[in-house]
file structure-v1.txt (compact mmCIF, C-alpha atoms)
# COMPACT_ATOMS: atom_id res chain seq x y z
CA MET A 1 -16.95 18.61 8.88
CA THR A 2 -14.82 21.72 9.03
CA ARG A 3 -14.37 23.79 5.95
CA GLY A 4 -10.76 23.87 4.86
CA LYS A 5 -9.20 27.23 4.40
CA ASP A 6 -7.77 26.28 1.00
CA GLU A 7 -11.20 26.00 -0.44
CA ILE A 8 -12.26 28.67 -2.89
CA LEU A 9 -15.65 29.85 -1.72
CA PHE A 10 -16.57 32.02 -4.69
CA ASP A 11 -15.57 30.42 -7.91
CA HIS A 12 -17.86 31.34 -10.75
CA ASN A 13 -16.29 28.94 -13.15
CA HIS A 14 -16.71 25.33 -12.20
CA ASP A 15 -16.14 23.16 -9.22
CA GLY A 16 -15.14 25.61 -6.56
CA VAL A 17 -11.45 24.88 -6.76
CA ASP A 18 -8.88 26.63 -8.91
CA ARG A 19 -5.62 25.01 -9.95
CA ARG A 20 -3.67 26.42 -7.06
CA GLY A 21 -6.47 25.47 -4.73
CA PHE A 22 -6.61 22.05 -6.33
CA LEU A 23 -2.96 21.38 -5.66
CA LYS A 24 -3.26 22.68 -2.14
CA CYS A 25 -6.47 20.77 -1.55
CA MET A 26 -4.90 17.53 -2.57
CA ALA A 27 -3.66 16.85 0.87
CA TRP A 28 -3.64 13.27 -0.35
CA ALA A 29 -1.52 13.96 -3.39
CA GLY A 30 1.59 15.95 -3.97
CA THR A 31 2.08 15.99 -0.30
CA GLY A 32 4.50 14.86 2.31
CA ALA A 33 5.50 15.80 5.80
CA PHE A 34 7.97 18.33 7.10
CA CYS A 35 9.65 16.97 10.21
CA VAL A 36 11.61 19.07 12.65
CA MET A 37 13.47 17.85 15.70
CA LYS A 38 13.24 20.33 18.53
CA GLY A 39 14.57 19.68 22.00
CA GLY A 40 14.89 16.01 21.10
CA VAL A 41 11.23 15.71 20.14
CA LEU A 42 10.11 15.29 16.56
CA ASN A 43 7.24 17.37 15.20
CA SER A 44 5.70 16.43 11.87
CA TYR A 45 3.66 18.85 9.76
CA SER A 46 1.73 18.16 6.57
CA LEU A 47 3.34 20.03 3.70
CA SER A 48 -0.09 21.05 2.44
CA ARG A 49 -0.50 23.29 5.48
CA ILE A 50 3.04 24.49 5.78
CA ALA A 51 2.11 28.05 4.81
CA ASP A 52 0.19 28.37 8.06
CA LEU A 53 3.16 27.55 10.28
CA ALA A 54 4.94 30.23 12.26
CA PRO A 55 8.65 30.48 11.40
CA ALA A 56 9.52 29.52 14.96
CA GLN A 57 7.66 26.23 14.56
CA MET A 58 9.87 25.30 11.64
CA LYS A 59 13.16 25.81 13.40
CA GLY A 60 14.94 23.13 15.34
CA GLU A 61 18.15 21.15 15.59
CA LEU A 62 17.37 19.19 12.45
CA SER A 63 14.69 19.12 9.80
CA PHE A 64 13.90 16.67 7.04
CA ALA A 65 10.96 15.83 4.81
CA GLN A 66 9.10 12.55 4.55
CA ILE A 67 7.45 11.48 1.33
CA SER A 68 5.76 8.16 0.71
CA ASP A 69 3.93 5.87 -1.66
CA SER A 70 4.76 7.59 -4.92
CA HIS A 71 3.65 4.42 -6.81
CA MET A 72 5.42 5.50 -9.98
CA GLY A 73 3.83 3.54 -12.83
CA PHE A 74 0.28 3.70 -11.47
CA ASN A 75 -1.98 5.23 -14.13
CA LYS A 76 -5.55 4.39 -13.18
CA PRO A 77 -8.38 6.90 -12.72
CA ALA A 78 -7.54 7.61 -9.05
CA ASN A 79 -4.50 9.50 -10.38
CA THR A 80 -3.30 9.36 -13.96
CA ASP A 81 -0.34 11.64 -13.26
CA VAL A 82 1.61 10.28 -10.30
CA ALA A 83 4.77 11.89 -11.67
CA GLY A 84 3.06 15.27 -11.56
CA THR A 85 1.87 14.86 -7.98
CA LEU A 86 5.32 13.67 -6.85
CA GLN A 87 6.81 16.72 -8.51
CA ALA A 88 4.23 18.84 -6.66
CA ALA A 89 5.49 17.37 -3.38
CA VAL A 90 9.08 18.20 -4.32
CA ASP A 91 8.03 21.72 -5.26
CA LYS A 92 6.48 22.16 -1.83
CA ILE A 93 9.64 20.93 -0.17
CA ASN A 94 11.71 23.29 -2.29
CA ALA A 95 9.46 26.18 -1.28
CA LEU A 96 10.29 25.71 2.41
CA PRO A 97 12.23 28.66 3.86
CA THR A 98 15.04 26.33 4.92
CA ALA A 99 15.87 23.30 2.83
CA PRO A 100 15.42 20.10 4.87
CA GLU A 101 18.65 18.26 5.61
CA PHE A 102 17.49 15.23 3.65
CA LEU A 103 14.44 13.34 2.37
CA LEU A 104 13.03 10.09 3.69
CA HIS A 105 10.97 7.97 1.31
CA THR A 106 8.95 5.42 3.25
CA GLY A 107 8.37 2.99 0.40
CA ASP A 108 6.20 2.04 -2.55
CA ILE A 109 8.52 4.19 -4.58
CA SER A 110 7.40 2.22 -7.63
CA HIS A 111 4.18 0.48 -8.53
CA LEU A 112 5.64 -2.72 -9.99
CA ALA A 113 9.36 -2.55 -9.12
CA LYS A 114 10.27 -1.78 -12.74
CA PRO A 115 13.65 -0.12 -13.34
CA GLU A 116 12.06 2.72 -15.32
CA GLU A 117 9.69 3.45 -12.43
CA PHE A 118 12.60 3.79 -9.98
CA ASP A 119 14.43 5.89 -12.60
CA ASN A 120 11.49 8.28 -12.89
CA VAL A 121 11.30 8.82 -9.14
CA GLU A 122 15.02 9.42 -8.91
CA GLN A 123 14.85 11.92 -11.72
CA ILE A 124 12.05 13.86 -10.04
CA LEU A 125 13.78 13.79 -6.66
CA ARG A 126 16.91 15.16 -8.29
CA SER A 127 15.03 18.45 -8.56
CA ALA A 128 14.83 18.64 -4.75
CA LYS A 129 17.18 21.07 -3.04
CA SER A 130 17.83 18.39 -0.43
CA LYS A 131 20.16 16.03 -2.21
CA ASP A 132 20.32 13.13 0.21
CA VAL A 133 17.44 10.64 0.02
CA PHE A 134 17.00 7.68 2.36
CA TYR A 135 14.67 4.89 1.26
CA VAL A 136 12.97 1.85 2.69
CA PRO A 137 11.09 -0.52 0.39
CA GLY A 138 7.34 -1.02 0.19
CA GLU A 139 5.81 -4.31 -0.92
CA HIS A 140 5.42 -2.91 -4.44
CA ASP A 141 9.20 -2.28 -4.63
CA VAL A 142 10.10 -5.91 -3.99
CA VAL A 143 7.38 -7.63 -5.99
CA GLY A 144 8.42 -10.15 -8.63
CA ASP A 145 12.10 -10.37 -7.75
CA ASP A 146 12.07 -10.53 -3.92
CA GLY A 147 13.69 -7.13 -3.71
CA LYS A 148 16.76 -7.89 -5.84
CA GLY A 149 16.38 -4.81 -8.05
CA TYR A 150 15.61 -2.57 -5.09
CA LEU A 151 18.69 -3.76 -3.19
CA GLU A 152 20.99 -3.32 -6.17
CA ARG A 153 19.84 0.27 -6.42
CA TYR A 154 19.37 1.35 -2.80
CA GLY A 155 20.91 -1.37 -0.66
CA LYS A 156 24.56 -0.33 -0.77
CA ARG A 157 24.59 1.01 2.77
CA SER A 158 22.21 -1.59 4.14
CA LYS A 159 22.20 -5.04 5.68
CA GLY A 160 19.99 -8.10 5.12
CA SER A 161 16.96 -7.24 3.02
CA GLY A 162 17.75 -3.51 3.18
CA TRP A 163 17.79 -2.32 6.79
CA TYR A 164 20.31 0.25 8.04
CA SER A 165 20.85 3.07 10.49
CA PHE A 166 22.59 6.45 10.44
CA ASP A 167 23.12 9.44 12.69
CA LYS A 168 22.36 13.08 11.96
CA LYS A 169 23.00 15.82 14.48
CA GLY A 170 22.68 13.51 17.44
CA VAL A 171 19.53 11.81 16.18
CA HIS A 172 19.71 8.08 15.46
CA PHE A 173 17.70 7.03 12.38
CA VAL A 174 16.83 3.40 11.71
CA GLY A 175 15.36 2.26 8.37
CA LEU A 176 13.55 -1.07 8.72
CA VAL A 177 12.17 -3.47 6.12
CA ASN A 178 8.83 -5.12 6.90
CA VAL A 179 7.65 -6.09 3.42
CA MET A 180 9.74 -9.20 2.73
CA ASN A 181 8.72 -12.84 3.08
CA LEU A 182 5.13 -12.03 3.90
CA LYS A 183 3.11 -15.08 4.85
CA ALA A 184 -0.39 -15.99 3.70
CA GLY A 185 -2.95 -14.24 5.86
CA GLY A 186 -0.23 -12.36 7.69
CA LEU A 187 0.83 -8.78 8.39
CA GLY A 188 4.06 -6.91 7.74
CA SER A 189 7.04 -8.72 9.17
CA LEU A 190 10.53 -7.75 10.33
CA GLY A 191 11.87 -11.24 11.02
CA ALA A 192 14.31 -12.60 13.57
CA ASP A 193 17.52 -11.49 11.82
CA GLN A 194 16.45 -7.89 11.56
CA LEU A 195 15.19 -7.80 15.15
CA GLU A 196 18.50 -9.15 16.37
CA TRP A 197 20.36 -6.52 14.36
CA LEU A 198 18.11 -3.77 15.74
CA GLU A 199 18.75 -4.85 19.31
CA ASP A 200 22.51 -4.67 18.75
CA ASP A 201 22.26 -1.42 16.80
CA VAL A 202 20.59 0.57 19.58
CA LYS A 203 22.30 -1.10 22.54
CA PRO A 204 25.33 1.22 22.72
CA LEU A 205 23.25 4.40 22.48
CA SER A 206 22.51 6.55 25.52
CA ALA A 207 18.89 6.72 26.66
CA SER A 208 18.74 10.43 25.80
CA THR A 209 19.43 9.82 22.10
CA PRO A 210 16.35 10.69 20.04
CA ILE A 211 15.41 7.71 17.87
CA VAL A 212 13.55 7.83 14.56
CA LEU A 213 12.42 4.48 13.15
CA PHE A 214 11.07 4.46 9.63
CA ALA A 215 9.51 1.59 7.70
CA HIS A 216 6.83 1.16 5.07
CA ILE A 217 4.00 -0.75 6.78
CA PRO A 218 2.89 0.81 10.07
CA LEU A 219 4.71 -0.53 13.11
CA TRP A 220 1.50 -0.33 15.08
CA SER A 221 -1.81 -2.03 14.61
CA VAL A 222 -3.76 0.40 12.45
CA TYR A 223 -6.19 -2.11 10.94
CA PRO A 224 -5.02 -5.72 10.86
CA GLU A 225 -8.07 -6.77 8.81
CA TRP A 226 -6.52 -4.95 5.86
CA GLY A 227 -2.99 -6.00 6.78
CA TRP A 228 -2.20 -2.56 8.20
CA GLY A 229 0.20 -3.60 10.93
CA THR A 230 3.43 -5.50 11.55
CA GLU A 231 3.30 -8.84 13.33
CA ASP A 232 6.54 -8.46 15.28
CA SER A 233 6.60 -4.68 15.80
CA ALA A 234 6.14 -5.10 19.56
CA ALA A 235 9.48 -6.92 19.75
CA ALA A 236 11.18 -4.09 17.85
CA LEU A 237 9.68 -1.41 20.09
CA GLY A 238 10.66 -3.49 23.10
CA TYR A 239 14.32 -2.74 22.34
CA LEU A 240 13.58 0.99 22.47
CA LYS A 241 11.98 1.15 25.90
CA LYS A 242 14.94 2.86 27.54
CA PHE A 243 14.85 5.82 25.15
CA GLY A 244 13.01 8.97 26.09
CA SER A 245 12.09 10.02 22.57
CA VAL A 246 11.12 7.52 19.90
CA THR A 247 9.36 8.49 16.67
CA VAL A 248 8.06 5.99 14.16
CA LEU A 249 7.39 7.13 10.58
CA ASN A 250 5.44 4.92 8.19
CA GLY A 251 3.57 5.03 4.89
CA HIS A 252 1.51 2.27 3.24
CA ILE A 253 -1.98 3.39 4.27
CA HIS A 254 -2.07 6.51 2.06
CA GLN A 255 -3.43 8.79 4.74
CA THR A 256 -2.11 10.64 7.73
CA MET A 257 -2.53 9.22 11.20
CA GLN A 258 -0.89 9.84 14.48
CA ARG A 259 -0.76 8.00 17.75
CA VAL A 260 1.18 8.30 20.99
CA GLU A 261 1.97 5.27 23.14
CA GLY A 262 4.21 5.93 26.11
CA ASN A 263 7.58 7.12 24.84
CA VAL A 264 6.70 6.38 21.22
CA THR A 265 4.97 8.64 18.70
CA PHE A 266 3.70 7.08 15.49
CA HIS A 267 3.02 8.97 12.28
CA THR A 268 1.91 7.81 8.87
CA ALA A 269 2.39 10.03 5.83
CA ALA A 270 -0.05 10.48 2.99
CA SER A 271 0.72 9.10 -0.45
CA THR A 272 1.98 11.39 -3.16
CA ALA A 273 -0.08 9.28 -5.60
CA PHE A 274 -3.61 8.42 -4.47
CA PRO A 275 -5.67 8.20 -1.28
CA GLN A 276 -6.94 5.05 0.37
CA PRO A 277 -10.05 4.83 2.55
CA GLU A 278 -10.05 5.19 6.28
CA PRO A 279 -9.68 1.83 8.05
CA GLY A 280 -12.81 -0.27 7.56
CA LYS A 281 -14.72 2.53 5.84
CA ALA A 282 -14.81 0.72 2.51
CA GLU A 283 -15.13 -2.84 1.29
CA SER A 284 -11.44 -2.98 0.46
CA PRO A 285 -8.39 -0.72 0.80
CA GLY A 286 -8.38 0.05 -2.94
CA PRO A 287 -7.57 3.52 -4.31
CA MET A 288 -10.17 6.18 -3.68
CA LYS A 289 -11.24 7.78 -6.91
CA VAL A 290 -11.65 11.42 -6.19
CA PRO A 291 -13.47 13.48 -8.75
CA ALA A 292 -12.96 17.21 -8.48
CA GLU A 293 -16.38 17.73 -6.89
CA GLN A 294 -15.41 15.44 -4.04
CA LEU A 295 -12.26 17.30 -3.16
CA ARG A 296 -14.14 19.39 -0.61
CA SER A 297 -15.20 16.38 1.37
CA LEU A 298 -11.77 14.90 1.04
CA LEU A 299 -10.33 18.07 2.39
CA GLY A 300 -12.72 17.63 5.28
CA ILE A 301 -11.44 14.14 5.88
CA THR A 302 -7.95 15.54 6.02
CA ASP A 303 -9.06 18.07 8.57
CA VAL A 304 -10.38 15.31 10.76
CA ASN A 305 -7.02 13.64 10.71
CA VAL A 306 -5.18 16.79 11.60
CA VAL A 307 -4.34 16.73 15.26
CA HIS A 308 -5.72 19.66 17.22
CA GLY A 309 -7.78 20.62 14.14
CA LYS A 310 -5.10 23.06 13.07
CA GLU A 311 -2.25 23.16 10.65
CA ALA A 312 -0.02 20.71 12.41
CA LEU A 313 -0.33 17.13 11.31
CA ALA A 314 0.81 16.03 14.69
CA ILE A 315 2.13 18.10 17.51
CA VAL A 316 3.73 16.03 20.15
CA ASP A 317 3.59 17.62 23.54
CA SER A 318 7.06 18.03 24.93
CA LYS A 319 6.58 15.65 27.79
CA LEU A 320 9.32 13.31 26.76
CA GLY A 321 12.95 13.16 27.70
CA MET B 1 -53.89 -51.08 -32.92
CA ASN B 2 -54.93 -49.90 -36.36
CA GLN B 3 -52.64 -48.31 -38.89
CA LYS B 4 -53.42 -44.80 -37.77
CA HIS B 5 -52.65 -45.52 -34.13
CA ARG B 6 -49.37 -47.26 -34.94
CA TYR B 7 -48.31 -44.23 -36.95
CA LEU B 8 -49.11 -41.87 -34.08
CA ALA B 9 -47.26 -44.06 -31.60
CA THR B 10 -44.20 -44.01 -33.83
CA VAL B 11 -44.33 -40.26 -34.05
CA VAL B 12 -44.64 -39.95 -30.27
CA LEU B 13 -41.74 -42.35 -29.72
CA LEU B 14 -39.59 -40.54 -32.24
CA ALA B 15 -40.42 -37.22 -30.68
CA ALA B 16 -39.62 -38.52 -27.19
CA GLY B 17 -36.34 -39.95 -28.45
CA GLY B 18 -35.46 -36.68 -30.13
CA THR B 19 -36.14 -34.74 -26.94
CA ALA B 20 -34.00 -37.14 -24.96
CA ILE B 21 -31.08 -36.70 -27.36
CA ALA B 22 -31.48 -32.93 -27.36
CA SER B 23 -31.58 -32.87 -23.56
CA ALA B 24 -28.45 -34.99 -23.28
CA THR B 25 -26.59 -32.66 -25.62
CA SER B 26 -27.63 -29.52 -23.81
CA LEU B 27 -26.82 -31.08 -20.44
CA PHE B 28 -23.38 -32.00 -21.72
CA SER B 29 -22.57 -28.57 -23.09
CA ARG B 30 -23.98 -26.89 -20.01
CA LYS B 31 -21.76 -29.07 -17.81
CA ALA B 32 -18.68 -28.17 -19.85
CA ALA B 33 -19.50 -24.49 -19.53
CA VAL B 34 -19.90 -24.87 -15.78
CA ASP B 35 -16.50 -26.57 -15.55
CA ASP B 36 -14.87 -23.73 -17.48
CA ALA B 37 -16.43 -21.12 -15.25
CA LYS B 38 -15.41 -23.12 -12.22
CA SER B 39 -11.77 -23.10 -13.23
CA GLU B 40 -11.59 -19.32 -13.52
CA VAL B 41 -10.84 -17.12 -10.52
CA LYS B 42 -11.41 -13.42 -10.76
CA ILE B 43 -9.35 -11.01 -8.68
CA ASP B 44 -11.16 -7.82 -7.85
CA ASN B 45 -11.57 -5.47 -4.92
CA PHE B 46 -8.72 -7.20 -3.02
CA THR B 47 -10.53 -10.56 -3.21
CA PHE B 48 -10.13 -13.87 -5.04
CA ALA B 49 -13.55 -14.96 -6.29
CA PRO B 50 -14.59 -17.64 -5.82
CA GLY B 51 -12.53 -18.04 -2.67
CA GLU B 52 -12.70 -21.81 -2.98
CA ILE B 53 -13.05 -23.91 -6.10
CA THR B 54 -13.08 -27.66 -6.64
CA VAL B 55 -11.70 -29.02 -9.90
CA ALA B 56 -10.83 -32.39 -11.39
CA LYS B 57 -7.22 -33.53 -11.54
CA GLY B 58 -5.54 -32.13 -14.65
CA THR B 59 -7.65 -28.97 -14.74
CA THR B 60 -6.01 -25.69 -15.64
CA VAL B 61 -7.16 -22.91 -13.36
CA ASN B 62 -7.04 -19.40 -14.80
CA TRP B 63 -6.76 -16.24 -12.75
CA VAL B 64 -7.45 -12.80 -14.12
CA ASN B 65 -6.84 -9.55 -12.29
CA ARG B 66 -9.76 -7.15 -12.74
CA ASP B 67 -8.62 -4.86 -9.91
CA ASP B 68 -6.98 -1.49 -10.45
CA ILE B 69 -4.12 -2.58 -8.18
CA PRO B 70 -1.57 -5.31 -8.97
CA HIS B 71 -1.83 -8.67 -7.22
CA THR B 72 -0.03 -12.00 -7.28
CA VAL B 73 -1.15 -15.63 -7.05
CA VAL B 74 1.28 -17.55 -4.85
CA SER B 75 0.84 -20.96 -3.19
CA ASP B 76 1.31 -20.83 0.58
CA ASP B 77 4.54 -22.85 0.25
CA LYS B 78 5.69 -20.22 -2.31
CA THR B 79 7.05 -22.96 -4.59
CA THR B 80 4.16 -24.97 -6.08
CA PHE B 81 2.98 -21.97 -8.12
CA LYS B 82 3.89 -18.33 -8.15
CA SER B 83 2.69 -15.74 -10.62
CA LYS B 84 4.50 -12.64 -11.69
CA PRO B 85 2.92 -9.39 -10.48
CA LEU B 86 -0.39 -9.23 -12.32
CA ASP B 87 -1.34 -5.73 -13.33
CA THR B 88 -4.90 -4.91 -14.33
CA ASP B 89 -6.25 -7.51 -16.82
CA ASP B 90 -3.12 -9.68 -16.59
CA LYS B 91 -3.70 -13.43 -16.40
CA PHE B 92 -2.05 -16.42 -14.79
CA SER B 93 -2.80 -20.13 -15.09
CA TYR B 94 -1.65 -23.31 -13.42
CA THR B 95 -2.53 -26.93 -14.18
CA PHE B 96 -3.20 -29.04 -11.12
CA GLY B 97 -1.80 -32.50 -11.79
CA LYS B 98 -2.20 -33.91 -8.29
CA GLU B 99 -5.12 -34.24 -5.94
CA GLY B 100 -5.07 -32.16 -2.82
CA THR B 101 -5.99 -28.84 -1.27
CA TYR B 102 -3.92 -25.91 -2.45
CA THR B 103 -4.14 -22.75 -0.39
CA TYR B 104 -2.71 -19.62 -1.93
CA PHE B 105 -2.46 -15.85 -1.34
CA CYS B 106 -1.40 -12.53 -2.83
CA SER B 107 2.17 -11.88 -1.75
CA ILE B 108 1.60 -8.11 -2.04
CA HIS B 109 -1.56 -8.17 0.08
CA PRO B 110 -1.19 -11.31 2.20
CA LYS B 111 -4.62 -10.87 3.76
CA MET B 112 -5.98 -12.04 0.40
CA THR B 113 -6.20 -15.83 0.67
CA ALA B 114 -8.13 -18.55 -1.19
CA LYS B 115 -7.94 -22.23 -2.11
CA VAL B 116 -8.22 -24.75 -4.91
CA VAL B 117 -9.39 -28.29 -4.09
CA VAL B 118 -8.30 -30.88 -6.66
CA LYS B 119 -10.20 -34.20 -6.72

call {"tool": "encode", "arguments": {"input": "structure-v1.txt", "output": "structure tokens"}}
result
Amino acid sequence: MTRGKDEILFDHNHDGVDRRGFLKCMAWAGTGAFCVMKGGVLNSYSLSRIADLAPAQMKGELSFAQISDSHMGFNKPANTDVAGTLQAAVDKINALPTAPEFLLHTGDISHLAKPEEFDNVEQILRSAKSKDVFYVPGEHDVVGDDGKGYLERYGKRSKGSGWYSFDKKGVHFVGLVNVMNLKAGGLGSLGADQLEWLEDDVKPLSASTPIVLFAHIPLWSVYPEWGWGTEDSAAALGYLKKFGSVTVLNGHIHQTMQRVEGNVTFHTAASTAFPQPEPGKAESPGPMKVPAEQLRSLLGITDVNVVHGKEALAIVDSKLG
Amino acid sequence: MNQKHRYLATVVLLAAGGTAIASATSLFSRKAAVDDAKSEVKIDNFTFAPGEITVAKGTTVNWVNRDDIPHTVVSDDKTTFKSKPLDTDDKFSYTFGKEGTYTYFCSIHPKMTAKVVVK
């Protein structure tokens, strides 16, 4: 396992990690992704490694930040201060040389869909320099009331159970909802109505329009045994075949992953709250409790997930378009 | 049988009877305890345990969430029974008034499935 560069090698005090190092080490917490569209292709970089990026890598037609799984209200040993780690993510975003155009939150904003949990997140995000925030719900945001509270708060510009699209600087963004009406034993689900809407939504667009789909549960089969996939994602992606550049951004699995399939690049963002195990590497997908002394190995895990073993979370070769 | 023998026989009979009564009582209380345990389902580590229980008609089944993540208890048809989100240590119960097989799941983590058989 590679040694992360944020690790303090000579710390005479305690666990080898100072506070600054701790916050930087927590690639799993207080983190998010900086996304920049360049030449119609989206690059996504983990905010925990942003200091290592060359200024040129951060410039493009459009940039935004993705945060995910803030689970406001969670207070168990895996992270007793989810507000603090969300604030740390915002601080990192605010420290970027250029403020991202907007923020995307890919769901599980709250832990139990309580109004005060949503309020807390909104209050923390108000400290971001980027004022516009686009949300999609996670299953925790719609629990108990079938998404009623979520929709009242965030659904004003959406259709159905909360899906919508918008355009920014020639890029077409589509927020999808795959956490409603889940069936016993099943995976994430978009449903016929949403699929029909998606087909109509992208139909008039030219094939050279860069597309960014974002939804909570991965739109690819990460690990169906733990429910990490969406049963009808293939149908959704089928409508996007004509486009040269399609990027899919998800959360839910509390770790970063990247995959390229034809014209489509998939990314998952880490949680700002707590890490979950790699697919199948634990008995269940429950929160990983990470004592300070384990941060080194966790940092190693993060390194493994980093594409090309360097600072970029995922660098997509410019072979599209 | 002389006097002494009769006395001994009585003692033996009494003792045997006493043991029988004691056994019946302990069997009864043990059975009740088993029924109680059988009607409780523990949620932990993203699993309902036991995954299948059989209870008599009219039994109240109790669920308790011992996981550090919230879960729900929802019948597959989503109408027969449906708990609120159960945070750690929250409980839910439902009384099964009709015979049948009731499959249920966690609506937050739908891969979590289990069943209650009512006889």

call {"tool": "residues_around", "arguments": {"input": "structure-v1.txt", "residues": "Lys148 in chain A", "least_positions_apart": "6", "cutoff": "10 Å", "atoms": "all atoms listed in the file", "output": "list in words"}}
result
Ala113, Asp141, Val142, Gly155 and Ser161 of chain A

call {"tool": "write_last_selection", "arguments": {"input": "structure-v1.txt", "atoms": "C-alpha atoms", "output": "short mmCIF file (atom, residue, chain, number, x, y, z; two decimals), in the coordinates of the input"}}
result
data_model
loop_
_atom_site.label_atom_id
_atom_site.label_comp_id
_atom_site.auth_asym_id
_atom_site.auth_seq_id
_atom_site.Cartn_x
_atom_site.Cartn_y
_atom_site.Cartn_z
CA ALA A 113 9.36 -2.55 -9.12
CA ASP A 141 9.20 -2.28 -4.63
CA VAL A 142 10.10 -5.91 -3.99
CA GLY A 155 20.91 -1.37 -0.66
CA SER A 161 16.96 -7.24 3.02
#

call {"tool": "closest_atom_pairs", "arguments": {"input": "structure-v1.txt", "of": "chain A", "to": "chain B", "cutoff": "8 Å", "atoms": "only C-alpha atoms", "output": "JSON lines"}}
result
{"residue": "A:Lys76", "atom": "CA", "partner": "B:Asp68", "partner_atom": "CA", "distance": 6.6}
{"residue": "A:Leu112", "atom": "CA", "partner": "B:Pro85", "partner_atom": "CA", "distance": 7.2}
{"residue": "A:Glu139", "atom": "CA", "partner": "B:Ile108", "partner_atom": "CA", "distance": 5.8}
{"residue": "A:His140", "atom": "CA", "partner": "B:Ile108", "partner_atom": "CA", "distance": 6.9}
{"residue": "A:Val143", "atom": "CA", "partner": "B:Pro85", "partner_atom": "CA", "distance": 6.6}
{"residue": "A:Gly144", "atom": "CA", "partner": "B:Lys84", "partner_atom": "CA", "distance": 5.6}
{"residue": "A:Leu182", "atom": "CA", "partner": "B:Ser107", "partner_atom": "CA", "distance": 6.4}
{"residue": "A:Lys183", "atom": "CA", "partner": "B:Pro110", "partner_atom": "CA", "distance": 6.3}
{"residue": "A:Ala184", "atom": "CA", "partner": "B:Pro110", "partner_atom": "CA", "distance": 5.0}
{"residue": "A:Gly185", "atom": "CA", "partner": "B:Lys111", "partner_atom": "CA", "distance": 4.3}
{"residue": "A:Gly186", "atom": "CA", "partner": "B:Pro110", "partner_atom": "CA", "distance": 5.7}
{"residue": "A:Leu187", "atom": "CA", "partner": "B:Pro110", "partner_atom": "CA", "distance": 7.0}
{"residue": "A:Glu225", "atom": "CA", "partner": "B:Lys111", "partner_atom": "CA", "distance": 7.4}
{"residue": "A:Trp226", "atom": "CA", "partner": "B:Lys111", "partner_atom": "CA", "distance": 6.6}
{"residue": "A:Gly227", "atom": "CA", "partner": "B:Lys111", "partner_atom": "CA", "distance": 6.0}
{"residue": "A:Glu283", "atom": "CA", "partner": "B:Asn45", "partner_atom": "CA", "distance": 7.6}
{"residue": "A:Ser284", "atom": "CA", "partner": "B:Asn45", "partner_atom": "CA", "distance": 5.9}
{"residue": "A:Pro285", "atom": "CA", "partner": "B:Phe46", "partner_atom": "CA", "distance": 7.5}
{"residue": "A:Gly286", "atom": "CA", "partner": "B:Asn45", "partner_atom": "CA", "distance": 6.7}
{"residue": "A:Pro287", "atom": "CA", "partner": "B:Asp68", "partner_atom": "CA", "distance": 7.9}

call {"tool": "atom_distance", "arguments": {"input": "structure-v1.txt", "atom1": "CA of Gly149 in chain A", "atom2": "CA of Pro137 in chain A"}}
result
10.8 Å

call {"tool": "atom_distance", "arguments": {"input": "structure-v1.txt", "atom1": "CA of Leu96 in chain A", "atom2": "CA of Asn43 in chain A"}}
result
15.6 Å

call {"tool": "atom_distance", "arguments": {"input": "structure-v1.txt", "atom1": "CA of Thr54 in chain B", "atom2": "CA of Thr95 in chain B"}}
result
13.0 Å

call {"tool": "residues_around", "arguments": {"input": "structure-v1.txt", "residues": "Lys169 in chain A", "least_positions_apart": "6", "cutoff": "10 Å", "atoms": "only C-alpha atoms", "output": "list in words"}}
result
Met37, Glu61 and Leu62 of chain A

call {"tool": "residues_around", "arguments": {"input": "structure-v1.txt", "residues": "Val118 in chain B", "least_positions_apart": "5", "cutoff": "6 Å", "atoms": "all atoms listed in the file", "output": "list in words"}}
result
Thr54, Val55, Ala56, Lys57, Glu99 and Gly100 of chain B

call {"tool": "residues_near_point", "arguments": {"input": "structure-v1.txt", "point": "(23.7, 11.3, 0.3)", "cutoff": "12 Å", "atoms": "only C-alpha atoms", "output": "ChimeraX atom specification"}}
result
/A:101-104,126,130-135,154,156-157,166,168

call {"tool": "residues_around", "arguments": {"input": "structure-v1.txt", "residues": "Pro277 in chain A", "least_positions_apart": "5", "cutoff": "12 Å", "atoms": "only C-alpha atoms", "output": "count of residues only"}}
result
22

call {"tool": "decode", "arguments": {"input": "structure-v1.txt", "residues": "range 101-106 of chain B", "atoms": "N, CA and C atoms", "output": "PDB file, in the first residue's frame"}}
result
ATOM      1  N   THR B 101     -48.181 -16.454   5.383  1.00  0.00           N
ATOM      2  CA  THR B 101     -46.748 -16.157   5.344  1.00  0.00           C
ATOM      3  C   THR B 101     -46.581 -14.696   4.974  1.00  0.00           C
ATOM      4  N   TYR B 102     -45.906 -13.976   5.845  1.00  0.00           N
ATOM      5  CA  TYR B 102     -45.733 -12.534   5.658  1.00  0.00           C
ATOM      6  C   TYR B 102     -44.267 -12.231   5.365  1.00  0.00           C
ATOM      7  N   THR B 103     -43.972 -11.880   4.137  1.00  0.00           N
ATOM      8  CA  THR B 103     -42.594 -11.497   3.823  1.00  0.00           C
ATOM      9  C   THR B 103     -42.480  -9.984   3.979  1.00  0.00           C
ATOM     10  N   TYR B 104     -41.337  -9.569   4.469  1.00  0.00           N
ATOM     11  CA  TYR B 104     -41.148  -8.133   4.709  1.00  0.00           C
ATOM     12  C   TYR B 104     -39.706  -7.751   4.406  1.00  0.00           C
ATOM     13  N   PHE B 105     -39.429  -6.425   4.408  1.00  0.00           N
ATOM     14  CA  PHE B 105     -38.089  -5.939   4.064  1.00  0.00           C
ATOM     15  C   PHE B 105     -37.829  -4.599   4.730  1.00  0.00           C
ATOM     16  N   CYS B 106     -36.614  -4.101   4.584  1.00  0.00           N
ATOM     17  CA  CYS B 106     -36.273  -2.757   5.047  1.00  0.00           C
ATOM     18  C   CYS B 106     -36.362  -1.850   3.830  1.00  0.00           C
TER      19      CYS B 106
END
